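Q: Coordinates in upload_10.pdb, PDB, C-alpha atoms, pLDDT in the B column, are listed below.
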ATOM      1  CA  MET A   1       0.000   0.000   0.000  1.00 60.00           C
ATOM      2  CA  SER A   2       1.331   3.441  -0.934  1.00 73.00           C
ATOM      3  CA  SER A   3       1.718   6.084   1.712  1.00 87.00           C
ATOM      4  CA  ILE A   4       0.262   9.549   1.308  1.00 81.00           C
ATOM      5  CA  GLN A   5       3.800  10.872   0.769  1.00 83.00           C
ATOM      6  CA  ASP A   6       4.382   8.343  -2.035  1.00 85.00           C
ATOM      7  CA  ILE A   7       1.134   9.404  -3.708  1.00 82.00           C
ATOM      8  CA  MET A   8       2.013  13.081  -3.441  1.00 80.00           C
ATOM      9  CA  ASN A   9       5.523  12.461  -4.798  1.00 84.00           C
ATOM     10  CA  GLU A  10       3.978  10.719  -7.805  1.00 87.00           C
ATOM     11  CA  LYS A  11       1.609  13.647  -8.394  1.00 87.00           C
ATOM     12  CA  HIS A  12       4.550  16.083  -8.182  1.00 84.00           C
ATOM     13  CA  MET A  13       6.321  14.103 -10.904  1.00 85.00           C
ATOM     14  CA  GLN A  14       3.180  13.987 -13.076  1.00 90.00           C
ATOM     15  CA  LEU A  15       2.377  17.684 -12.722  1.00 91.00           C
ATOM     16  CA  GLY A  16       4.733  19.086 -15.367  1.00 89.00           C
ATOM     17  CA  LYS A  17       3.662  16.563 -17.988  1.00 91.00           C
ATOM     18  CA  GLU A  18       0.000  17.154 -17.176  1.00 92.00           C
ATOM     19  CA  LEU A  19       0.371  20.930 -17.513  1.00 93.00           C
ATOM     20  CA  GLU A  20       2.152  20.474 -20.834  1.00 92.00           C
ATOM     21  CA  ARG A  21      -0.473  18.028 -22.120  1.00 92.00           C
ATOM     22  CA  ILE A  22      -3.577  19.901 -21.025  1.00 90.00           C
ATOM     23  CA  THR A  23      -2.755  23.607 -21.173  1.00 89.00           C
ATOM     24  CA  THR A  24      -1.676  26.133 -23.777  1.00 93.00           C
ATOM     25  CA  LEU A  25       0.618  27.863 -21.280  1.00 93.00           C
ATOM     26  CA  THR A  26       4.118  28.903 -22.274  1.00 94.00           C
ATOM     27  CA  THR A  27       7.040  27.026 -20.757  1.00 93.00           C
ATOM     28  CA  THR A  28       7.642  29.866 -18.298  1.00 95.00           C
ATOM     29  CA  GLN A  29       3.977  29.942 -17.293  1.00 94.00           C
ATOM     30  CA  ARG A  30       3.940  26.152 -16.801  1.00 93.00           C
ATOM     31  CA  HIS A  31       6.969  26.342 -14.504  1.00 93.00           C
ATOM     32  CA  LYS A  32       5.386  29.167 -12.524  1.00 94.00           C
ATOM     33  CA  VAL A  33       2.089  27.296 -12.119  1.00 95.00           C
ATOM     34  CA  ALA A  34       3.895  24.086 -11.185  1.00 94.00           C
ATOM     35  CA  LEU A  35       5.858  25.862  -8.445  1.00 93.00           C
ATOM     36  CA  MET A  36       2.678  27.486  -7.135  1.00 94.00           C
ATOM     37  CA  ILE A  37       0.784  24.183  -7.094  1.00 94.00           C
ATOM     38  CA  MET A  38       3.601  22.158  -5.531  1.00 91.00           C
ATOM     39  CA  GLN A  39       3.668  24.437  -2.493  1.00 92.00           C
ATOM     40  CA  ASP A  40       0.332  23.025  -1.319  1.00 90.00           C
ATOM     41  CA  ASN A  41      -0.625  19.338  -1.316  1.00 87.00           C
ATOM     42  CA  ALA A  42      -4.331  20.229  -1.278  1.00 91.00           C
ATOM     43  CA  LEU A  43      -3.817  22.307  -4.425  1.00 92.00           C
ATOM     44  CA  ILE A  44      -2.095  19.381  -6.131  1.00 92.00           C
ATOM     45  CA  SER A  45      -4.984  17.075  -5.299  1.00 89.00           C
ATOM     46  CA  TYR A  46      -7.490  19.657  -6.470  1.00 94.00           C
ATOM     47  CA  PHE A  47      -5.651  20.265  -9.760  1.00 94.00           C
ATOM     48  CA  PHE A  48      -5.840  16.569 -10.617  1.00 93.00           C
ATOM     49  CA  SER A  49      -9.583  16.548  -9.836  1.00 95.00           C
ATOM     50  CA  VAL A  50     -10.355  19.431 -12.236  1.00 95.00           C
ATOM     51  CA  PRO A  51     -11.741  18.159 -15.567  1.00 96.00           C
ATOM     52  CA  ASP A  52      -9.152  18.279 -18.356  1.00 94.00           C
ATOM     53  CA  ASP A  53     -11.145  20.801 -20.373  1.00 95.00           C
ATOM     54  CA  GLU A  54     -11.047  23.256 -17.425  1.00 96.00           C
ATOM     55  CA  LYS A  55      -7.373  22.918 -16.409  1.00 95.00           C
ATOM     56  CA  ASP A  56      -6.034  25.536 -18.826  1.00 95.00           C
ATOM     57  CA  GLU A  57      -8.416  28.205 -17.533  1.00 96.00           C
ATOM     58  CA  TRP A  58      -7.822  27.107 -13.912  1.00 95.00           C
ATOM     59  CA  ALA A  59      -4.031  27.386 -14.342  1.00 95.00           C
ATOM     60  CA  ARG A  60      -4.365  30.836 -15.915  1.00 95.00           C
ATOM     61  CA  LEU A  61      -6.566  32.014 -13.047  1.00 96.00           C
ATOM     62  CA  LEU A  62      -3.966  30.723 -10.592  1.00 95.00           C
ATOM     63  CA  ILE A  63      -1.189  32.669 -12.349  1.00 93.00           C
ATOM     64  CA  ASP A  64      -3.322  35.823 -12.359  1.00 94.00           C
ATOM     65  CA  GLY A  65      -4.032  35.469  -8.644  1.00 92.00           C
ATOM     66  CA  SER A  66      -7.750  35.198  -9.361  1.00 91.00           C
ATOM     67  CA  LEU A  67      -8.210  31.958  -7.421  1.00 83.00           C
TER      68      LEU A  67
END
Can the structure in the file be given as structure tokens, please?
A:
Amino acid sequence: MSSIQDIMNEKHMQLGKELERITTLTTTQRHKVALMIMQDNALISYFFSVPDDEKDEWARLLIDGSL
């Protein structure tokens, strides 16, 4: 059975690929969003629960400070 830490580590590793796959953000924007998300485990979990078709807008709102 995986520990919570193992699960979160896996999500951290998946985050960059997921942002690249799902969003139209620039490389710099993706790195910024990734750093913002990785600071909070709840935010990581929430990001992965957002439907794929909403992740681009969600990431842009996070960058803008609108969330």
Q: Looking at only C-alpha atoms, which of A:Thr23, A:Lys11, A:Arg30, A:Ile63 is the one that sits closest to Ser49 (chain A)?
A: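 Nearest to Ser49 (chain A): A:Lys11.
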Q: Mind checking which residues fall within 12 Å of Ile37 (chain A), counting only C-alpha atoms, ignoring those fewer than 4 positions away in the same chain, and posting them as a PyMOL selection string?
A: chain A and resi 8+11-12+15-16+19+30-33+41-48+58-59+62-63+67
Q: Separation of CA of Arg21 (chain A) and CA of Pro51 (chain A), in Å?
A: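 Pair CA of Arg21 (chain A) / CA of Pro51 (chain A) returns 13.0 Å.
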Q: Would you list the contacts of Thr24 (chain A) as an mmCIF file with C-alpha atoms, in the frame of the given file, taking every protein, DNA or RNA residue within 12 Å and counting only C-alpha atoms, but skipping same-chain residues closer than 2 positions in sequence?
A:
data_model
loop_
_atom_site.group_PDB
_atom_site.id
_atom_site.type_symbol
_atom_site.label_atom_id
_atom_site.label_comp_id
_atom_site.auth_asym_id
_atom_site.auth_seq_id
_atom_site.Cartn_x
_atom_site.Cartn_y
_atom_site.Cartn_z
ATOM 1 C CA GLU A 18 0.000 17.154 -17.176
ATOM 2 C CA LEU A 19 0.371 20.930 -17.513
ATOM 3 C CA GLU A 20 2.152 20.474 -20.834
ATOM 4 C CA ARG A 21 -0.473 18.028 -22.120
ATOM 5 C CA ILE A 22 -3.577 19.901 -21.025
ATOM 6 C CA THR A 26 4.118 28.903 -22.274
ATOM 7 C CA THR A 27 7.040 27.026 -20.757
ATOM 8 C CA THR A 28 7.642 29.866 -18.298
ATOM 9 C CA GLN A 29 3.977 29.942 -17.293
ATOM 10 C CA ARG A 30 3.940 26.152 -16.801
ATOM 11 C CA ASP A 53 -11.145 20.801 -20.373
ATOM 12 C CA GLU A 54 -11.047 23.256 -17.425
ATOM 13 C CA LYS A 55 -7.373 22.918 -16.409
ATOM 14 C CA ASP A 56 -6.034 25.536 -18.826
ATOM 15 C CA GLU A 57 -8.416 28.205 -17.533
ATOM 16 C CA TRP A 58 -7.822 27.107 -13.912
ATOM 17 C CA ALA A 59 -4.031 27.386 -14.342
ATOM 18 C CA ARG A 60 -4.365 30.836 -15.915
#
Q: Report, in Å with one decimal, the straight-line distance from CA of Gly65 (chain A) to CA of Ile7 (chain A).
A: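 Separation of CA of Gly65 (chain A) and CA of Ile7 (chain A): 27.0 Å.
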Q: Go ahead and compute the interatomic distance for CA of Met36 (chain A) and CA of Gln5 (chain A), in Å to one decimal.
A: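 CA of Gln5 (chain A) lies 18.4 Å from CA of Met36 (chain A).
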Q: Listed atoms of region 30-46 of chain A, axis-aligned box, 6 Å per side: centre and edge lengths to one decimal in Å, as AutoDock Vina command-line options?
A:
--center_x -0.3 --center_y 23.1 --center_z -9.0 --size_x 26.5 --size_y 24.1 --size_z 27.5
